[in-house]
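Q: Encoded as structure tokens, here's the structure I'll be asking about.
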Number of protein chains: 2
Amino acid sequence: MEKIMIFGHKNPDTDSITSSLVMENLEKKLGNEGARAYKLGEINKETEFALNYFNVTEPETLEGIEEKAKVILVDHNDFAQSIEGIEKAEIIKVIDHHAVGGFKTTSPLYYLAEPVGCTETIIYELYKKNNIEIDKKIAGIMVSAIISDTLLFKSPTCTEKDVQVANELAKIAEINLNTYGMELLKAGTNLSDFTSEEMINIDSKLSTANNVNIQVSQVNTACIEDVLKKQCEIEQAINDFIDKNNIDIFVLLITDIINSNSEAIILGKRSDIAEKAFGKTIDNNRMFLEGVVSRKKQVFPILMENA
Amino acid sequence: MEKIMIFGHKNPDTDSITSSLVMENLEKKLGNEGARAYKLGEINKETEFALNYFNVTEPETLEGIEEKAKVILVDHNDFAQSIEGIEKAEIIKVIDHHAVGGFKTTSPLYYLAEPVGCTETIIYELYKKNNIEIDKKIAGIMVSAIISDTLLFKSPTCTEKDVQVANELAKIAEINLNTYGMELLKAGTNLSDFTSEEMINIDSKLSTANNVNIQVSQVNTACIEDVLKKQCEIEQAINDFIDKNNIDIFVLLITDIINSNSEAIILGKRSDIAEKAFGKTIDNNRMFLEGVVSRKKQVFPILMENA
């Protein structure tokens, strides 16, 4: 029985956790009994809500990886967002919906990426293609990830396909998309248990362009002002992170899931990149980004192009 | 009408040329009227045979590429094997069957790679998935590419899926796989019109590992001895290429398509890599590689690991 390790990115979100679990389910149904989901960090409150709701156990944490270990990457491909030592593993599959981050393999592999809102939308097609039925629990965590990644279809990353697949899955999972969706998103906005240091790490990603290290974190909230009450403390945590990790520009997106806007806290010696990118000035280390909710589509590309 | 440029790698082989033409056909049937196939170099004799046989016109040569041009890459992903300026284009799709070469995009894209013998095997599935019929001409050039890339199913890169798809296509194209296949491969072994310099460029690929530039060219023949008659002249051409392009190790695979072996001519200041990789010594600048016919599976990975 060949061992296959399946995992998403560091600082896992609902898509990374559930896609690992769902791919384990699919691989096992395809006869790969040794497939097993892992996580690369603690699950967040939104993911916890989804797993509890559908009575699914979270995956174990992967602490390290052996050379030549067989691996399936979901919801990421950039080695900077993966486990340390990933370059020595044998990546046999990638299922993803992000830009290609410059990773390199010595052998051909199965790589499927589509510009859709959520990895689960792609995995849904793999179930269909292989004529494998999706059970209620699996459908439930899949649709949760689509709701999460698309902010209940409001994000510009959301495609027609995401909406269509989410509706199919909602039927199997026996949920009302709007009611369950708002409950799920709200579960992720409860930031009261987090220190500022933890908060900027809940969902944080690094990309590099022209040797500029760009870190963009995102938190969801129903009230931006509530989060800004701790601005001073948050800035301290960001500056510590910048020093420790050699970051040139750090952007914290505080995203209002009700009105679909973001307030950004921007720090770092290259914060001028954000001013150039968005054509606005930073005031009190902040910038209001109207209609911006997607880091992947509305923030990373424009920062990288201006780096 | 949005212009979409479709092309395969430099020094195009039958797969790169036909996959571009076939993807143009598929994209148009999907409603993308502006899709157009191009080539990044002259077609070889094998490809010429296939296009003539099925009465298909070869694509135009692409001389340069504009910034932000929309592009579909087939049969390659490594920028080193693509057109100059590719990093400034907008790559919207990649359909490939090679290792991932470290390319980078700023936006999500459609990327489909599978570890099969030929790009056409993957494109065949896209026709099926979209319920689009494949006509005789298209089937003919598709099956030609599968025969070419798998050396009529003898290469270790050949999968069950390649064989199955080739058989389906052969029916539509109304050919006998073995008869047509041997004719096609033999058309590619006629090296009489080439100077040594041209010969080492017919099908040549560069990969880099640990800052070592590894160039591997391949020619097919029905008689290795015939090719070796010109060894002295070929070595001169290789040494010129090495100087001009800063190559550390150059391997010319002279592949016997009848017996499925290769004689390699190996030159360059890092030719020790080949000795380490294959566990044999180089004699008279040559090494016999029993059972080796696939650059992708049997040569590049092992050279890169030992670089």
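Identifiers in this document derive from the order of the structure tokens: chains are assigned A, B, ..., residues are numbered from 1 separately in each chain, and ligands are numbered from 1 in order of occurrence.
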Give me the region 14-78 of chain B side of the contact with region 129-143 of chain B, cut-off 10 Å, one line per residue showing its nearest atom pair and distance in Å at one decimal, counting only C-alpha atoms, sorted by chain and residue number, as a Markdown table.
A:
| residue | atom | partner | partner_atom | distance |
| --- | --- | --- | --- | --- |
| B:Thr14 | CA | B:Ile141 | CA | 8.4 |
| B:Asp15 | CA | B:Met142 | CA | 7.9 |
| B:Ile17 | CA | B:Ile141 | CA | 9.3 |
| B:Thr18 | CA | B:Ile141 | CA | 6.0 |
| B:Ser19 | CA | B:Met142 | CA | 7.3 |
| B:Leu21 | CA | B:Ile138 | CA | 8.4 |
| B:Val22 | CA | B:Ile138 | CA | 6.4 |
| B:Met23 | CA | B:Ile138 | CA | 10.0 |
| B:Asn25 | CA | B:Ile138 | CA | 8.2 |
| B:Leu26 | CA | B:Ile132 | CA | 8.0 |
| B:Lys29 | CA | B:Ile132 | CA | 7.6 |
| B:Leu30 | CA | B:Asn130 | CA | 8.3 |
| B:Thr47 | CA | B:Ile141 | CA | 8.8 |
| B:Ala50 | CA | B:Ile141 | CA | 6.3 |
| B:Leu51 | CA | B:Ile141 | CA | 6.8 |
| B:Asn52 | CA | B:Ile141 | CA | 9.8 |
| B:Tyr53 | CA | B:Gly140 | CA | 8.4 |
| B:Phe54 | CA | B:Lys137 | CA | 5.5 |
| B:Asn55 | CA | B:Lys137 | CA | 7.4 |
| B:Val56 | CA | B:Lys137 | CA | 7.1 |
Q: Take the residues from that selection and write them out as an mmCIF file, in the first residue's frame, keeping C-alpha atoms.
A:
data_model
loop_
_atom_site.group_PDB
_atom_site.id
_atom_site.type_symbol
_atom_site.label_atom_id
_atom_site.label_comp_id
_atom_site.auth_asym_id
_atom_site.auth_seq_id
_atom_site.Cartn_x
_atom_site.Cartn_y
_atom_site.Cartn_z
ATOM 1 C CA THR B 14 5.178 16.492 -34.390
ATOM 2 C CA ASP B 15 3.420 16.800 -31.013
ATOM 3 C CA ILE B 17 2.989 21.332 -34.210
ATOM 4 C CA THR B 18 -0.119 19.169 -34.276
ATOM 5 C CA SER B 19 -1.185 20.057 -30.715
ATOM 6 C CA LEU B 21 -3.299 23.019 -34.758
ATOM 7 C CA VAL B 22 -5.656 20.741 -32.843
ATOM 8 C CA MET B 23 -6.081 23.212 -29.972
ATOM 9 C CA ASN B 25 -9.623 23.590 -33.868
ATOM 10 C CA LEU B 26 -10.957 22.870 -30.374
ATOM 11 C CA LYS B 29 -15.421 24.906 -31.754
ATOM 12 C CA LEU B 30 -15.739 26.242 -28.200
ATOM 13 C CA THR B 47 5.791 16.289 -39.148
ATOM 14 C CA ALA B 50 1.973 13.649 -41.280
ATOM 15 C CA LEU B 51 0.620 17.021 -42.442
ATOM 16 C CA ASN B 52 0.928 16.036 -46.115
ATOM 17 C CA TYR B 53 -0.705 12.661 -45.517
ATOM 18 C CA PHE B 54 -3.773 14.262 -43.956
ATOM 19 C CA ASN B 55 -3.686 17.363 -46.180
ATOM 20 C CA VAL B 56 -3.280 19.830 -43.307
#
Q: Which residues, written as a ChimeraX atom specification, have at least one atom at most 6 Å from region 103-115 of chain A, with only C-alpha atoms counted and residues fewer than 5 positions away on the same chain left out?
A: /A:92-97 /B:98-102,108-115,301
Q: I'd like to know which residues of region 65-211 of chain A are strand (DSSP E) (by DSSP, run on the backbone); could you write them as number ranges by chain?
A: A: 70-74, 90-96, 110-113, 204-209
Q: From the options B:Phe153, B:Phe250, B:Tyr124, B:Phe79, which residue's atoms come nearest to chain A, counting only C-alpha atoms?
A: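 Residue with the minimum atom-to-atom distance to chain A: B:Phe79.
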Q: Using only C-alpha atoms for the distances, tell me which of A:Lys128, A:Lys230, A:Arg286, A:Lys276 is nearest to chain B.
A: A:Lys128
Q: Counting only C-alpha atoms, which residue out of B:Val212, B:Val116, B:Ile249, B:Ala166 sits closest to chain A?
A: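 Smallest separation from chain A among the options: B:Val116.
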Q: Any idea what's packed within 8 Å of Ala307 (chain A), counting only C-alpha atoms, ignoring anything in its chain fewer than 5 positions away? Could you give it as a PyMOL selection string?
A: chain A and resi 209-210+212+273
Q: Taking into account only C-alpha atoms, which residue in the set B:Thr208, B:Phe7, B:Asn44, B:Asp226 is nearest to chain A?
A: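 Smallest separation from chain A among the options: B:Thr208.
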Q: Within 10 Å of Glu233 (chain A), counting only C-alpha atoms, which residues show up once you throw out same-chain ones fewer than 6 positions away? Write them as a count of residues only, please.
A: 3
Q: Residues at most 9 Å from Gly34 (chain A), counting only C-alpha atoms, excluding those fewer than 6 positions away in the same chain, as a PyMOL selection string?
A: chain A and resi 1-5+24+27-28
Q: In Å, how far is it from CA of Thr255 (chain A) to CA of Thr221 (chain A)?
A: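 Between CA of Thr255 (chain A) and CA of Thr221 (chain A) the gap is 6.0 Å.
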Q: Extract the full set of helix (DSSP H, G or I) residues from region 31-88 of chain B according to DSSP on the backbone, and format it as a list in words.
A: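 Helix (DSSP H, G or I) assignments inside region 31-88 of chain B correspond to Lys45, Glu46, Thr47, Glu48, Phe49, Ala50, Leu51, Asn52, Tyr53, Phe79, Ala80, Gln81, Ile86, Glu87 and Lys88 of chain B.
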Q: Please list as a list of chain:residue names every residue within 12 Å of Asn176 (chain A), counting only C-alpha atoms and excluding residues in the same chain fewer than 4 positions away.
A: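 What passes the distance filter is A:Gly140, A:Val143, A:Ser144, A:Ile147, A:Leu152, A:Ala166, A:Asn167, A:Glu168, A:Leu169, A:Ala170, A:Lys171, A:Ile172, A:Tyr180, A:Gly181, A:Met182, A:Glu183, A:Leu184.
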Q: Separation of CA of Phe300 (chain B) and CA of Asp149 (chain B), in Å?
A: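 CA of Asp149 (chain B) lies 15.5 Å from CA of Phe300 (chain B).
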